[in-house]
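J.: Okay, so here is model.txt, and as you'll see once you scroll down, it has compact mmCIF, C-alpha atoms.
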# COMPACT_ATOMS: atom_id res chain seq x y z
CA MET A 190 144.10 89.05 111.82
CA THR A 191 147.16 90.14 113.67
CA SER A 192 149.54 90.55 110.73
CA HIS A 193 150.73 94.10 110.26
CA SER A 194 152.46 95.84 107.39
CA ALA A 195 155.72 97.67 107.78
CA GLU A 196 153.98 100.95 108.67
CA GLY A 197 152.11 99.30 111.53
CA HIS A 198 148.72 99.21 109.79
CA PRO A 199 146.50 96.14 110.07
CA ALA A 200 146.80 94.00 106.92
CA HIS A 201 143.12 94.47 106.00
CA LEU A 202 143.31 98.29 106.11
CA GLU A 203 143.56 99.88 102.66
CA HIS A 204 146.00 102.78 102.64
CA HIS A 205 143.39 105.31 101.45
CA PHE A 206 141.38 104.92 104.67
CA VAL A 207 142.27 106.68 107.92
CA SER A 208 141.20 103.80 110.15
CA SER A 209 139.56 100.38 110.16
CA GLU A 210 136.48 102.09 111.53
CA GLN A 211 136.28 104.47 108.59
CA GLN A 212 136.86 101.62 106.13
CA PHE A 213 134.08 99.57 107.77
CA ASP A 214 131.62 102.49 107.72
CA ALA A 215 132.40 103.26 104.06
CA ALA A 216 131.87 99.63 103.04
CA LYS A 217 128.62 99.42 104.98
CA MET A 218 127.32 102.67 103.46
CA GLY A 219 128.16 101.31 99.99
CA MET A 220 126.18 98.20 100.80
CA TRP A 221 123.17 100.26 101.90
CA LEU A 222 123.33 102.19 98.60
CA PHE A 223 123.29 98.86 96.75
CA LEU A 224 120.35 97.65 98.87
CA VAL A 225 118.42 100.80 97.93
CA THR A 226 118.92 99.95 94.24
CA GLU A 227 117.57 96.49 95.05
CA ILE A 228 114.53 98.02 96.74
CA LEU A 229 113.94 100.18 93.65
CA LEU A 230 114.31 97.12 91.40
CA PHE A 231 111.60 95.29 93.34
CA SER A 232 109.50 98.46 93.67
CA GLY A 233 108.83 98.26 89.91
CA MET A 234 107.19 94.89 90.45
CA PHE A 235 105.37 95.98 93.62
CA VAL A 236 103.96 98.97 91.69
CA THR A 237 102.86 96.62 88.88
CA TYR A 238 101.12 94.44 91.44
CA THR A 239 99.40 97.45 93.04
CA VAL A 240 98.15 98.88 89.73
CA PHE A 241 96.70 95.58 88.48
CA ARG A 242 95.27 94.76 91.89
CA SER A 243 93.59 98.17 92.08
CA TRP A 244 91.99 97.43 88.69
CA HIS A 245 90.82 93.89 89.56
CA PRO A 246 90.90 93.43 93.36
CA GLU A 247 88.34 90.60 93.34
CA VAL A 248 90.33 88.62 90.72
CA PHE A 249 93.52 88.97 92.78
CA ALA A 250 91.80 87.94 96.02
CA HIS A 251 90.25 84.92 94.30
CA SER A 252 93.48 83.87 92.53
CA ALA A 253 95.50 84.11 95.77
CA GLU A 254 93.35 81.29 97.18
CA LEU A 255 94.98 78.91 94.69
CA LEU A 256 98.39 79.50 96.30
CA ASP A 257 98.90 77.33 99.39
CA TRP A 258 99.36 79.62 102.41
CA ARG A 259 100.85 76.69 104.35
CA MET A 260 103.75 76.37 101.89
CA GLY A 261 104.20 80.13 101.77
CA GLY A 262 103.92 80.36 105.56
CA ILE A 263 106.51 77.64 106.15
CA ASN A 264 108.84 79.38 103.69
CA THR A 265 108.31 82.65 105.58
CA ILE A 266 109.37 80.98 108.84
CA VAL A 267 112.33 79.33 107.07
CA LEU A 268 113.59 82.66 105.68
CA LEU A 269 113.05 84.45 109.01
CA ALA A 270 115.03 81.70 110.76
CA SER A 271 117.83 82.07 108.20
CA SER A 272 117.92 85.82 108.90
CA PHE A 273 118.28 84.99 112.59
CA THR A 274 121.21 82.62 111.98
CA VAL A 275 122.95 85.22 109.78
CA ALA A 276 122.52 87.79 112.55
CA LEU A 277 124.01 85.23 114.97
CA ALA A 278 126.95 84.70 112.59
CA VAL A 279 127.73 88.43 112.66
CA HIS A 280 127.31 88.42 116.46
CA PHE A 281 129.87 85.62 116.88
CA ALA A 282 132.25 87.23 114.35
CA GLN A 283 132.26 90.32 116.58
CA LYS A 284 133.10 88.05 119.53
CA ASP A 285 135.90 86.22 117.64
CA ASN A 286 134.11 82.86 117.87
CA MET A 287 134.79 81.75 114.30
CA ARG A 288 133.62 78.17 114.85
CA LEU A 289 130.09 79.39 115.66
CA VAL A 290 130.24 81.82 112.70
CA ILE A 291 130.82 78.85 110.37
CA ILE A 292 128.08 76.76 112.02
CA ASN A 293 125.54 79.59 111.78
CA LEU A 294 126.41 80.34 108.15
CA MET A 295 126.04 76.66 107.28
CA VAL A 296 122.65 76.47 109.01
CA THR A 297 121.70 79.55 106.97
CA LEU A 298 122.66 77.67 103.80
CA VAL A 299 120.47 74.73 104.86
CA PHE A 300 117.49 77.08 105.37
CA ALA A 301 118.15 78.72 101.98
CA PHE A 302 118.14 75.34 100.23
CA LEU A 303 115.00 74.32 102.12
CA PHE A 304 113.31 77.50 100.87
CA LEU A 305 114.19 76.65 97.27
CA VAL A 306 113.05 73.02 97.64
CA ILE A 307 109.63 74.14 98.92
CA LYS A 308 109.45 76.71 96.11
CA TYR A 309 110.30 73.94 93.60
CA PHE A 310 107.37 71.83 94.81
CA GLU A 311 105.06 74.85 94.65
CA TYR A 312 106.12 75.71 91.08
CA THR A 313 105.92 72.14 89.75
CA GLY A 314 102.55 71.65 91.47
CA LYS A 315 101.24 74.70 89.60
CA PHE A 316 102.84 73.76 86.26
CA ALA A 317 101.25 70.29 86.48
CA HIS A 318 97.84 71.97 86.37
CA GLY A 319 98.59 74.43 83.60
CA VAL A 320 99.23 77.43 85.83
CA PHE A 321 101.97 79.13 83.80
CA PRO A 322 102.97 82.77 83.43
CA GLY A 323 101.74 84.60 80.36
CA ALA A 324 99.86 83.18 77.37
CA ALA A 325 100.41 79.53 78.40
CA PHE A 326 98.03 80.06 81.38
CA ASP A 327 95.50 77.20 81.15
CA PRO A 328 94.46 75.93 84.60
CA HIS A 329 92.85 72.48 84.60
CA GLY A 330 92.45 69.44 86.85
CA VAL A 331 91.62 69.08 90.53
CA ALA A 332 94.13 69.17 93.40
CA GLY A 333 94.22 70.24 97.05
CA GLY A 334 90.45 70.80 97.12
CA HIS A 335 90.68 73.27 94.23
CA ASN A 336 89.05 72.80 90.84
CA TYR A 337 91.66 74.63 88.80
CA ALA A 338 89.19 75.41 86.02
CA ASP A 339 87.39 77.72 88.50
CA TYR A 340 90.48 79.92 88.40
CA ASN A 341 90.44 80.35 84.63
CA ILE A 342 88.77 83.77 84.82
CA PRO A 343 89.66 87.02 83.03
CA TYR A 344 92.77 88.74 84.43
CA ALA A 345 93.74 85.73 86.60
CA ALA A 346 96.70 85.24 84.21
CA GLN A 347 97.89 88.71 85.26
CA PHE A 348 98.01 87.65 88.89
CA PHE A 349 99.92 84.44 88.18
CA SER A 350 102.35 86.14 85.80
CA ILE A 351 103.13 88.65 88.55
CA TYR A 352 103.42 85.77 91.04
CA PHE A 353 105.95 83.87 88.91
CA VAL A 354 108.02 86.95 88.02
CA MET A 355 108.18 88.32 91.58
CA THR A 356 108.87 85.00 93.31
CA GLY A 357 111.21 84.00 90.45
CA ILE A 358 113.37 87.11 90.76
CA HIS A 359 113.26 86.71 94.55
CA ALA A 360 114.36 83.06 94.20
CA PHE A 361 117.21 84.23 91.94
CA HIS A 362 118.33 86.46 94.82
CA VAL A 363 118.19 83.46 97.17
CA ILE A 364 120.41 81.48 94.75
CA VAL A 365 122.91 84.37 94.54
CA GLY A 366 122.80 84.58 98.34
CA ILE A 367 123.64 80.87 98.65
CA GLY A 368 126.69 81.41 96.45
CA VAL A 369 127.88 84.44 98.43
CA ILE A 370 127.27 82.82 101.85
CA ALA A 371 129.12 79.65 100.74
CA TRP A 372 132.07 81.78 99.59
CA ILE A 373 132.12 83.76 102.86
CA THR A 374 131.89 80.53 104.90
CA LEU A 375 134.92 79.24 103.03
CA ARG A 376 136.84 82.44 103.75
CA VAL A 377 135.94 82.28 107.45
CA SER A 378 137.17 78.67 107.59
CA ARG A 379 140.46 79.84 106.03
CA GLY A 380 140.87 82.19 108.99
CA GLU A 381 140.59 85.36 106.91
CA PHE A 382 138.37 87.19 109.39
CA SER A 383 138.40 88.23 113.05
CA SER A 384 136.56 90.65 115.31
CA ALA A 385 138.97 93.32 113.99
CA TYR A 386 137.95 92.65 110.36
CA TYR A 387 134.69 90.89 109.48
CA THR A 388 133.26 93.40 106.97
CA PRO A 389 132.38 90.80 104.27
CA VAL A 390 130.40 88.77 106.85
CA GLU A 391 128.48 91.89 107.87
CA LEU A 392 127.73 92.95 104.28
CA THR A 393 126.61 89.44 103.28
CA GLY A 394 124.28 89.50 106.28
CA LEU A 395 122.79 92.82 105.14
CA TYR A 396 122.09 91.39 101.66
CA TRP A 397 120.48 88.26 103.11
CA HIS A 398 118.23 90.32 105.42
CA LEU A 399 117.01 92.31 102.40
CA VAL A 400 116.08 89.08 100.61
CA ASP A 401 114.12 88.18 103.75
CA ILE A 402 112.38 91.58 103.85
CA ILE A 403 111.25 91.27 100.21
CA TRP A 404 109.67 87.91 101.06
CA ILE A 405 108.01 89.40 104.17
CA PHE A 406 105.98 91.56 101.74
CA LEU A 407 105.55 88.95 98.99
CA PHE A 408 103.98 86.40 101.33
CA PRO A 409 100.85 88.35 102.37
CA LEU A 410 100.47 90.06 98.97
CA LEU A 411 100.51 86.83 96.96
CA TYR A 412 99.25 84.15 99.36
CA LEU A 413 96.97 85.82 101.89
CA ILE A 414 95.04 88.83 100.58
CA MET B 156 141.73 108.61 116.28
CA SER B 157 139.30 107.23 118.79
CA HIS B 158 138.31 103.63 118.19
CA ALA B 159 134.55 103.25 118.49
CA GLU B 160 133.55 99.65 119.21
CA HIS B 161 130.96 98.10 116.93
CA HIS B 162 127.70 97.52 118.69
CA ILE B 163 127.26 93.83 119.42
CA VAL B 164 123.56 92.98 119.48
CA PRO B 165 123.00 90.59 122.43
CA ILE B 166 121.72 87.10 121.65
CA LYS B 167 118.78 87.80 123.97
CA THR B 168 117.69 90.70 121.76
CA LEU B 169 118.13 88.67 118.55
CA THR B 170 116.07 85.83 120.05
CA ALA B 171 113.31 88.20 121.15
CA VAL B 172 113.16 89.61 117.61
CA ILE B 173 112.94 86.20 115.88
CA LEU B 174 110.20 85.07 118.30
CA THR B 175 108.26 88.29 117.64
CA LEU B 176 108.68 87.81 113.88
CA GLY B 177 107.34 84.25 114.17
CA MET B 178 104.31 85.39 116.17
CA LEU B 179 103.60 88.20 113.70
CA THR B 180 103.71 85.66 110.86
CA ILE B 181 101.09 83.55 112.65
CA LEU B 182 99.07 86.70 113.34
CA THR B 183 99.04 87.77 109.70
CA VAL B 184 97.90 84.29 108.58
CA ALA B 185 95.17 84.30 111.27
CA ALA B 186 94.04 87.79 110.25
CA SER B 187 93.81 86.73 106.60
CA GLN B 188 91.50 83.83 107.53
CA MET B 189 89.04 86.30 109.07
CA ASP B 190 86.87 88.49 106.91
CA LEU B 191 87.93 92.01 107.82
CA GLY B 192 86.31 93.48 104.72
CA SER B 193 88.27 96.41 103.36
CA PHE B 194 90.70 96.14 106.29
CA ASN B 195 92.26 92.85 105.07
CA VAL B 196 94.90 94.54 102.91
CA PRO B 197 95.88 97.38 105.32
CA VAL B 198 96.16 94.96 108.27
CA ALA B 199 98.40 92.58 106.28
CA MET B 200 100.58 95.46 105.08
CA CYS B 201 100.85 96.93 108.61
CA ILE B 202 102.04 93.59 110.02
CA ALA B 203 104.53 93.19 107.13
CA GLY B 204 105.75 96.74 107.77
CA ILE B 205 106.34 96.00 111.47
CA LYS B 206 108.19 92.78 110.61
CA ALA B 207 110.39 94.54 108.05
CA SER B 208 111.13 97.36 110.52
CA LEU B 209 112.26 94.84 113.15
CA VAL B 210 114.60 93.12 110.68
CA ILE B 211 116.03 96.47 109.53
CA ALA B 212 116.43 97.98 113.01
CA ILE B 213 117.86 94.98 114.90
CA PHE B 214 119.06 92.24 112.51
CA MET B 215 120.59 94.77 110.09
CA GLY B 216 121.61 96.95 113.05
CA LEU B 217 120.41 100.19 111.49
CA ARG B 218 119.40 101.65 114.86
CA TYR B 219 122.98 101.23 116.10
CA ASP B 220 124.55 102.73 112.92
CA ASN B 221 125.39 106.34 112.33
CA GLY B 222 122.46 108.16 110.72
CA THR B 223 123.83 108.18 107.15
CA ASN B 224 122.65 104.66 106.35
CA ALA B 225 119.18 105.40 107.71
CA LEU B 226 119.08 108.53 105.54
CA ILE B 227 120.04 106.50 102.45
CA LEU B 228 117.28 103.99 103.17
CA ALA B 229 114.77 106.78 103.83
CA ILE B 230 115.59 108.44 100.50
CA GLY B 231 115.15 105.09 98.72
CA LEU B 232 111.77 104.51 100.37
CA VAL B 233 110.61 108.04 99.55
CA LEU B 234 111.57 107.50 95.88
CA ALA B 235 109.71 104.17 95.82
CA PHE B 236 106.67 105.87 97.38
CA VAL B 237 106.74 108.70 94.80
CA PHE B 238 107.01 106.07 92.05
CA LEU B 239 103.96 104.21 93.41
CA VAL B 240 101.78 107.29 93.98
CA PHE B 241 102.47 108.92 90.63
CA VAL B 242 101.90 105.70 88.67
CA LEU B 243 98.59 105.19 90.51
CA LEU B 244 97.58 108.82 89.88
CA ASP B 245 98.15 108.18 86.19
CA THR B 246 96.67 104.69 85.81
CA ASN B 247 93.60 105.31 87.98
CA PHE B 248 92.85 109.00 87.36
CA ARG B 249 94.31 109.85 83.95
CA GLY B 250 92.27 112.51 82.17
CA ASP B 251 90.01 113.26 85.15
CA THR B 252 90.88 116.96 85.09
CA SER B 253 90.69 117.36 81.31
CA ALA B 254 88.27 114.57 80.50
CA THR B 255 86.93 114.37 76.98
CA GLN B 256 85.40 111.01 77.84
CA SER B 257 84.39 109.68 81.21
CA GLY B 258 86.01 106.67 82.85
CA THR B 259 89.42 105.31 83.74
CA ILE B 260 91.80 103.57 81.33
CA MET B 261 90.38 100.23 82.39
CA GLU B 262 86.77 101.28 81.86
CA THR B 263 87.60 102.84 78.49
CA GLU B 264 89.31 99.66 77.35
CA GLN B 265 86.37 97.56 78.42
CA LEU B 266 83.87 99.82 76.66
CA ALA B 267 85.80 100.14 73.40
CA PRO B 268 88.81 97.88 73.27
CA ALA B 269 89.35 98.37 69.53
CA GLN B 270 89.54 102.16 69.72
CA THR B 271 92.15 102.32 72.45
CA ARG B 272 94.75 100.20 70.68
As structure tokens, how would this structure be written, given the file I've shared?
T.:
Amino acid sequence: MTSHSAEGHPAHLEHHFVSSEQQFDAAKMGMWLFLVTEILLFSGMFVTYTVFRSWHPEVFAHSAELLDWRMGGINTIVLLASSFTVALAVHFAQKDNMRLVIINLMVTLVFAFLFLVIKYFEYTGKFAHGVFPGAAFDPHGVAGGHNYADYNIPYAAQFFSIYFVMTGIHAFHVIVGIGVIAWITLRVSRGEFSSAYYTPVELTGLYWHLVDIIWIFLFPLLYLI
Amino acid sequence: MSHAEHHIVPIKTLTAVILTLGMLTILTVAASQMDLGSFNVPVAMCIAGIKASLVIAIFMGLRYDNGTNALILAIGLVLAFVFLVFVLLDTNFRGDTSATQSGTIMETEQLAPAQTR
């Protein structure tokens, strides 16, 4: 933005900051602090997973076979691709190409929806065969070459409860991310940002990358090993 | 006040990173299909760690930032690591140094479930 206040400051610059640079760095540091709290939130669940896996490694390895690595793998590629498009959006914001910022953010939204659609089919496929979190766990039926009853073994319910809670809270973060990215896309289209001020685009990107990183660990832990 | 330009990560670098991430994803799936014995878990976690590092360093631009953000992340990771190690020390080795009965929590519960509740 080129509008300036009476004192000659850029319009986006809050008066308690010395410069745009300082304001940008402060905002980014605040975002990293928030991301650390997110890491610690998920660390509780990763620790839970590690403790129960260390107690029953063979049950966890066996139960993971029931999750379709193809679905999880495609979702991994989808989320990685969405991280790439968000990084491109920030790149083009820095180069003042706002049209390509909007296009890349919208492609990111498409990937995010695709991720949720695939997750929906995974969840409903499991529910249809009685694979629920907690006490409702009662696998039955045959699908995808698996006899679900073979997975009704002691402590398997622990694995699937952890699976639903971890992927569920991750999916919640994806939904929040869709909302934030849609809002930022709208603001870009209103011409609120430029290479001189694109902090919200940058911070949204950081959040989205963290959601991607969480999934990078969830995929092998739940689907592969 | 000097105006430091923000580092613009070239598209070539971003593309190289996404291609590497894709190949590492294929690699981790391929590795999981092979029986590596006790190496299955460490190999999968190593590949995930490399992928996460690439996203953090390039996509999130941490390597181009001033060091404060990296320090914040490092402190967070250290805290998460302490959390993990101390919980595991408790859940897997509780009472080992002052044992009045042998066995871990899990083994005790399996031997005498009624007494531990």
J.: Expressed in Å to a single decimal, how great is the separation between atom CA of A:Leu269 and atom CA of B:Gly177?
T.: 7.7 Å
J.: For A:Gly319, please output as a compact mmCIF listing (two decimals) with C-alpha atoms, in the coordinates of the input all residues within 8 Å (counting all atoms listed in the file; exclusion window: fewer than 5 positions along the same chain).
T.:
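Wrote it out as around33.txt, contents follow:
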# COMPACT_ATOMS: atom_id res chain seq x y z
CA ALA A 325 100.41 79.53 78.40
CA PHE A 326 98.03 80.06 81.38
CA ASP A 327 95.50 77.20 81.15
CA PRO A 328 94.46 75.93 84.60
CA HIS A 329 92.85 72.48 84.60
J.: Near stretch 361-373 of chain A, counting only C-alpha atoms, which residues have an atom at most 7 Å away, once you skip same-chain residues fewer than 2 positions from it, shown as a ChimeraX atom specification?
T.: /A:294,298,301,357-359,375-377,390,393,397,400
J.: Please produce a file of the residues just selected, as a PDB file, in the frame of the given file, where the atoms kept are C-alpha atoms.
T.:
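Output (again16.pdb):
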ATOM      1  CA  LEU A 294     126.410  80.340 108.150  1.00  0.00           C
ATOM      2  CA  LEU A 298     122.660  77.670 103.800  1.00  0.00           C
ATOM      3  CA  ALA A 301     118.150  78.720 101.980  1.00  0.00           C
ATOM      4  CA  GLY A 357     111.210  84.000  90.450  1.00  0.00           C
ATOM      5  CA  ILE A 358     113.370  87.110  90.760  1.00  0.00           C
ATOM      6  CA  HIS A 359     113.260  86.710  94.550  1.00  0.00           C
ATOM      7  CA  LEU A 375     134.920  79.240 103.030  1.00  0.00           C
ATOM      8  CA  ARG A 376     136.840  82.440 103.750  1.00  0.00           C
ATOM      9  CA  VAL A 377     135.940  82.280 107.450  1.00  0.00           C
ATOM     10  CA  VAL A 390     130.400  88.770 106.850  1.00  0.00           C
ATOM     11  CA  THR A 393     126.610  89.440 103.280  1.00  0.00           C
ATOM     12  CA  TRP A 397     120.480  88.260 103.110  1.00  0.00           C
ATOM     13  CA  VAL A 400     116.080  89.080 100.610  1.00  0.00           C
TER      14      VAL A 400
END
J.: Residues at most 10 Å from stretch 198-208 of chain B, counting all atoms listed in the file, excluding those fewer than 6 positions away in the same chain, as a VMD selection string?
T.: (chain A and resid 269 398 to 399 401 to 410 413 to 414) or (chain B and resid 172 to 173 175 to 177 179 to 180 182 to 184 186 to 187 191 214 to 215 217)
J.: Which one is closest to A:Thr237: A:Trp221, A:Trp258, A:Tyr352, A:Phe281? Count all atoms listed in the file.
T.: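 Closest to A:Thr237 of all the choices is A:Tyr352.
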J.: Using all atoms listed in the file, which residue out of B:Gly258, B:Ser253, B:Thr246, B:Gln265 lies closest to chain A?
T.: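 Between B:Gly258, B:Ser253, B:Thr246, B:Gln265, the residue approaching chain A most closely is B:Thr246.
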J.: Can you tell me which residues surround B:Leu226 at a distance of at most 12 Å, considering all atoms listed in the file, apart from same-chain residues fewer than 3 positions away, and format the answer as a PyMOL selection string?
T.: (chain A and resi 218+221-222+225) or (chain B and resi 217-218+220-223+229-233)
J.: Select, from A:Val306, A:Ala200, A:Ile228, A:Ile351, the residue with the minimum atom-to-atom distance to chain B, counting only C-alpha atoms.
T.: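 Smallest distance to chain B is found for A:Ile228.
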J.: Choose the residue, out of B:Ala235, B:Ala185, B:Met178, B:Pro197, that has the smallest atom-to-atom separation from chain A; count all atoms listed in the file.
T.: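 Checking each of B:Ala235, B:Ala185, B:Met178, B:Pro197 against chain A, counting all atoms listed in the file, the winner is B:Ala235.
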J.: Just give me the gap between atom CA of A:Leu305 and atom CA of A:Asn264 in Å, one decimal is fine.
T.: 8.8 Å
J.: Pick out the residues sitting within 8 Å of A:Ala253, and hand them over as a compact mmCIF listing (two decimals) with C-alpha atoms, keeping the file's coordinate frame; count all atoms listed in the file, and ignore anything fewer than 3 positions along from it in its own chain.
T.:
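File selection-v7.txt, as written:
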# COMPACT_ATOMS: atom_id res chain seq x y z
CA PHE A 249 93.52 88.97 92.78
CA ALA A 250 91.80 87.94 96.02
CA LEU A 256 98.39 79.50 96.30
CA LEU A 411 100.51 86.83 96.96
CA TYR A 412 99.25 84.15 99.36
CA LEU A 413 96.97 85.82 101.89
CA ILE A 414 95.04 88.83 100.58
J.: As an exercise, work out the distance from atom CA of A:Thr356 to atom CA of B:Val210 in Å and give it to one decimal place.
T.: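 Straight-line distance from atom CA of A:Thr356 to atom CA of B:Val210 works out to 20.0 Å.
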J.: Select, from A:Thr297, A:Ser271, A:Thr313, A:Ser252, the residue with the minimum atom-to-atom distance to chain B, counting all atoms listed in the file.
T.: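 Ranking A:Thr297, A:Ser271, A:Thr313, A:Ser252 by distance to chain B, first place goes to A:Ser271.
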J.: Using all atoms listed in the file for the distances, tell me which of A:His280, A:Leu202, A:Val248, A:His318 is nearest to chain B.
T.: A:His280
J.: Could you write out as JSON the box around stretch 336-352 of chain A (axis-aligned, all atoms listed in the file, 3 Å on each side), with centre and edge lengths in Å to one decimal?
T.:
{"center_x": 95.4, "center_y": 80.8, "center_z": 87.0, "size_x": 22.0, "size_y": 21.9, "size_z": 14.0}
J.: Could you check which residues have any atom within 12 Å of (121.4, 92.6, 122.1), counting all atoms listed in the file with coordinates taken straight from the file, and then list them as number ranges by chain?
T.: A: 276-277, 280; B: 162-172, 212-214, 216, 218-219
